[in-house]
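Read the structure below first, then the notes.
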Amino acid sequence: MDWGSAIIVTQVSKFLLEQGYGCTVTVVPSATTPALASVAETGEPDILTELWTNGAPAYPGLIESGAIIERAKVLSDGGVEAWWIPTYLAEKHPELTTMEGILANPELVGGRFHNCPVGWTCQRVSTNMAKAAGFADAGIEDFIHGSGETLAASIASAYDSKEPWFGYYWAPTSILGRYPMVQVDVGPHVAEAHECNSQEECAEPVLGAFPASDVTTVVTNTFADSHPEETALMENVQFTNDVMNGLLAWQEENNASGEEAAVYFLTNFQDTWSEWLNDDARAKLSALLK
């Protein structure tokens with residue numbers, strides 16, 4: 001897949017499969033929808049290393065049919081969407097980690113909510129939740145950014161000056177790797193309410209948490225049958241958001257490629273990935289583990 005975390009997962013997996021398990025690995029550039037369509041039609045590729053299942057309507061049917069088998073939650077704590085404040089602001093004003101605290105102290109967050117760019121699903125959800133929370137009455141502006149770049153830049157700018165910031169972001173990303181944030185408690189997730197919040201015209205918007213996104217590694221049933229040891233490896237390949245945020249931040253700060261970020265992980269997290277291997281693969285890679 002063509003986004004940062006997926007490239008790192010793929011390159012790490014490729015290295016371990018080749019150097020530890022003696023495989024020949026071909027990486028096929030793709031994206032979620034065409035990759036799943038290819039699996040359905042041709043049974044290839046053998047491994048899809050990082051699928052965000054919330055955005056893949058074909059996924060449940062392929063699982064149910066047995067065409068693909070889910071092997072791991074490759075991001076162990078899932079993809080995260082939330083409203084956040086900077087850690088330095090939470091430490092100074094812990095009351096701002098709840099929606100009630102923000103509504104009672106709008107000036108402490110600068111009287112502004114930093115929303116997603118117009119047209120993004122997260123913008124519709126956040127705007128509807130802002131209406132449900134009563135931002136207008138509390139004096140909090142729902143500021144819709146012009147692009148993802150300006151949203152990211154607003155966090156960087158706030159951090160540089162230690163100014164108030166309150167808004168939407170997601171993980172894993174390099175931004176949350178570089179700029180530690182604390183989630184604001186907006187209440188529990190309610191699926192029906194979130195579905196309404198996702199619509200442009202939601203009659204009864206509700207304040208509540210975004211759903212966690214399952215981010216999985218899958219293999220075809222044919223591959224699982226013919227390559228049990230390699231399938232077992234892919235069951236073990238998991239990254240926390242904290243680790244992946246840090247890898248993406250290192251990549252950005254060093255103007256590095258996804259392959260170089262994978263090498264950085266393999267070099268600095270031997271204790272993590274060595275536990276993923278079987279005994280034979282661990283022996284083959286023992287020189288790296290010293």
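A note on labels: chains of the structure tokens are A, B, ... as shown, every chain counts residues from 1, and ligands are counted from 1 in their shown order.
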
Among stretch 53-143 of chain A, which ones does DSSP assign to strand (DSSP E or B) (computed from the backbone)? Answer as a PyMOL selection string.
chain A and resi 68-73+75+79-86+98+112-115+141-143

Would you mind exporting N, CA and C atoms of the selected residues as a tab-separated table (two decimals), in the first residue's frame?
chain	number	residue	atom	x	y	z
A	68	ILE	N	-9.73	-14.92	2.03
A	68	ILE	CA	-8.62	-14.40	2.82
A	68	ILE	C	-8.84	-14.77	4.28
A	69	ILE	N	-7.73	-14.84	5.01
A	69	ILE	CA	-7.77	-15.21	6.41
A	69	ILE	C	-7.05	-14.12	7.20
A	70	GLU	N	-7.73	-13.56	8.18
A	70	GLU	CA	-7.10	-12.53	9.01
A	70	GLU	C	-6.10	-13.17	9.94
A	71	ARG	N	-4.85	-12.67	9.91
A	71	ARG	CA	-3.79	-13.27	10.71
A	71	ARG	C	-3.38	-12.41	11.90
A	72	ALA	N	-3.51	-11.09	11.79
A	72	ALA	CA	-3.02	-10.26	12.89
A	72	ALA	C	-3.68	-8.90	12.85
A	73	LYS	N	-3.76	-8.28	14.01
A	73	LYS	CA	-4.03	-6.85	14.10
A	73	LYS	C	-2.65	-6.19	14.02
A	75	LEU	N	-1.59	-3.18	13.50
A	75	LEU	CA	-1.49	-2.09	14.47
A	75	LEU	C	-2.28	-2.56	15.69
A	79	GLY	N	-6.15	1.70	14.38
A	79	GLY	CA	-6.05	3.08	13.92
A	79	GLY	C	-6.91	3.97	14.79
A	80	VAL	N	-6.42	5.13	15.15
A	80	VAL	CA	-7.09	5.98	16.12
A	80	VAL	C	-7.48	7.30	15.48
A	81	GLU	N	-8.75	7.67	15.62
A	81	GLU	CA	-9.23	9.01	15.29
A	81	GLU	C	-9.77	9.61	16.58
A	82	ALA	N	-9.45	10.86	16.85
A	82	ALA	CA	-9.88	11.45	18.12
A	82	ALA	C	-9.74	12.97	18.07
A	83	TRP	N	-10.26	13.60	19.11
A	83	TRP	CA	-10.00	15.01	19.38
A	83	TRP	C	-8.90	15.07	20.44
A	84	TRP	N	-7.96	15.99	20.26
A	84	TRP	CA	-6.75	16.02	21.07
A	84	TRP	C	-6.43	17.42	21.55
A	85	ILE	N	-5.62	17.48	22.62
A	85	ILE	CA	-4.93	18.70	23.02
A	85	ILE	C	-3.47	18.33	23.23
A	86	PRO	N	-2.54	19.30	23.12
A	86	PRO	CA	-1.12	18.99	23.35
A	86	PRO	C	-0.88	18.54	24.79
A	98	THR	N	-11.37	16.62	29.28
A	98	THR	CA	-12.77	16.25	29.13
A	98	THR	C	-13.49	17.33	28.34
A	112	ARG	N	-10.98	27.90	19.70
A	112	ARG	CA	-11.01	27.35	18.34
A	112	ARG	C	-10.87	25.83	18.37
A	113	PHE	N	-11.64	25.18	17.49
A	113	PHE	CA	-11.50	23.75	17.24
A	113	PHE	C	-10.94	23.57	15.84
A	114	HIS	N	-9.81	22.89	15.72
A	114	HIS	CA	-9.16	22.68	14.43
A	114	HIS	C	-9.74	21.41	13.79
A	115	ASN	N	-10.52	21.63	12.74
A	115	ASN	CA	-11.26	20.55	12.08
A	115	ASN	C	-10.53	20.09	10.82
A	141	GLU	N	-14.91	28.35	17.94
A	141	GLU	CA	-15.04	28.37	16.49
A	141	GLU	C	-14.72	26.99	15.91
A	142	ASP	N	-15.59	26.51	15.03
A	142	ASP	CA	-15.31	25.28	14.27
A	142	ASP	C	-14.52	25.69	13.03
A	143	PHE	N	-13.19	25.63	13.14
A	143	PHE	CA	-12.32	26.11	12.07
A	143	PHE	C	-11.97	24.95	11.15

Could you give me, as CSV, every stretch 144-172 of chain A residue with an atom at most 12 Å from stretch 212-233 of chain A, plus its closest atom pair and distance in Å to one decimal, counting only C-alpha atoms, rows ordered by chain then number?
residue,atom,partner,partner_atom,distance
A:Trp170,CA,A:Ala212,CA,10.5
A:Ala171,CA,A:Ser213,CA,10.1
A:Pro172,CA,A:Val215,CA,10.9

Please identify the alpha helix (DSSP H) residues within stretch 24-232 of chain A (assignment by DSSP from backbone atoms) and present them as a PyMOL selection string.
chain A and resi 32-42+59-65+87-92+99-104+121-133+135-138+148-161+174-178+191-197+221-226+228-232

Write out as a PDB file with all heavy atoms, in the first residue's frame the residues lying within 8 Å of A:Gly148, counting only C-alpha atoms and excluding same-chain residues fewer than 4 positions away.
ATOM      1  N   CYS A 116     -10.947  18.942  10.323  1.00  0.00           N
ATOM      2  CA  CYS A 116     -10.416  18.398   9.068  1.00  0.00           C
ATOM      3  C   CYS A 116     -10.804  19.284   7.884  1.00  0.00           C
ATOM      4  O   CYS A 116     -11.737  20.076   7.966  1.00  0.00           O
ATOM      5  CB  CYS A 116     -11.000  17.009   8.816  1.00  0.00           C
ATOM      6  SG  CYS A 116     -10.623  15.811  10.059  1.00  0.00           S
ATOM      7  N   PRO A 117     -10.120  19.108   6.764  1.00  0.00           N
ATOM      8  CA  PRO A 117     -10.508  19.834   5.544  1.00  0.00           C
ATOM      9  C   PRO A 117     -11.916  19.453   5.096  1.00  0.00           C
ATOM     10  O   PRO A 117     -12.382  18.334   5.313  1.00  0.00           O
ATOM     11  CB  PRO A 117      -9.460  19.387   4.515  1.00  0.00           C
ATOM     12  CG  PRO A 117      -8.291  18.959   5.333  1.00  0.00           C
ATOM     13  CD  PRO A 117      -8.868  18.362   6.579  1.00  0.00           C
ATOM     14  N   ALA A 152      -1.875  19.869   9.952  1.00  0.00           N
ATOM     15  CA  ALA A 152      -0.626  19.423  10.578  1.00  0.00           C
ATOM     16  C   ALA A 152       0.234  20.610  10.988  1.00  0.00           C
ATOM     17  O   ALA A 152       0.826  20.621  12.073  1.00  0.00           O
ATOM     18  CB  ALA A 152       0.136  18.519   9.610  1.00  0.00           C
TER      19      ALA A 152
END

Taking 2 positions as the minimum chain separation for residues in the same chain, which residues sit within 12 Å of A:Leu89 when counting only C-alpha atoms? Answer as a list in words.
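Contacts, with the query itself left out: Trp84, Ile85, Pro86, Thr87, Glu91, Lys92, His93, Pro94, Glu95, Leu96, Thr97, Ile102, Leu108, Val109, Gly110, Ala158, Tyr159, Ser161, Lys162, Glu163, Pro164, Trp165, Phe166, Pro180, Met181, Val182, Gln183 and Val184 of chain A.
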
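Separating atom CA of A:Trp273 from atom CA of A:Asn255 is a distance of 24.1 Å.
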
Have a look at A:Cys202, A:Ala6, A:Val12, A:Leu62 and name the one nearest to A:Phe269; count only C-alpha atoms.
A:Val12

Length of the atom CA of A:Trp3 to atom CA of A:Gln251 vector [Å]:
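Separation of atom CA of A:Trp3 and atom CA of A:Gln251: 12.6 Å.
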
Which one is closest to A:Glu201: A:Thr272, A:Asn128, A:Gln11, A:Thr240? Count only C-alpha atoms.
A:Asn128

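With atom CA of A:Glu252 on one side and atom CA of A:Ile155 on the other, the separation reads 15.4 Å.
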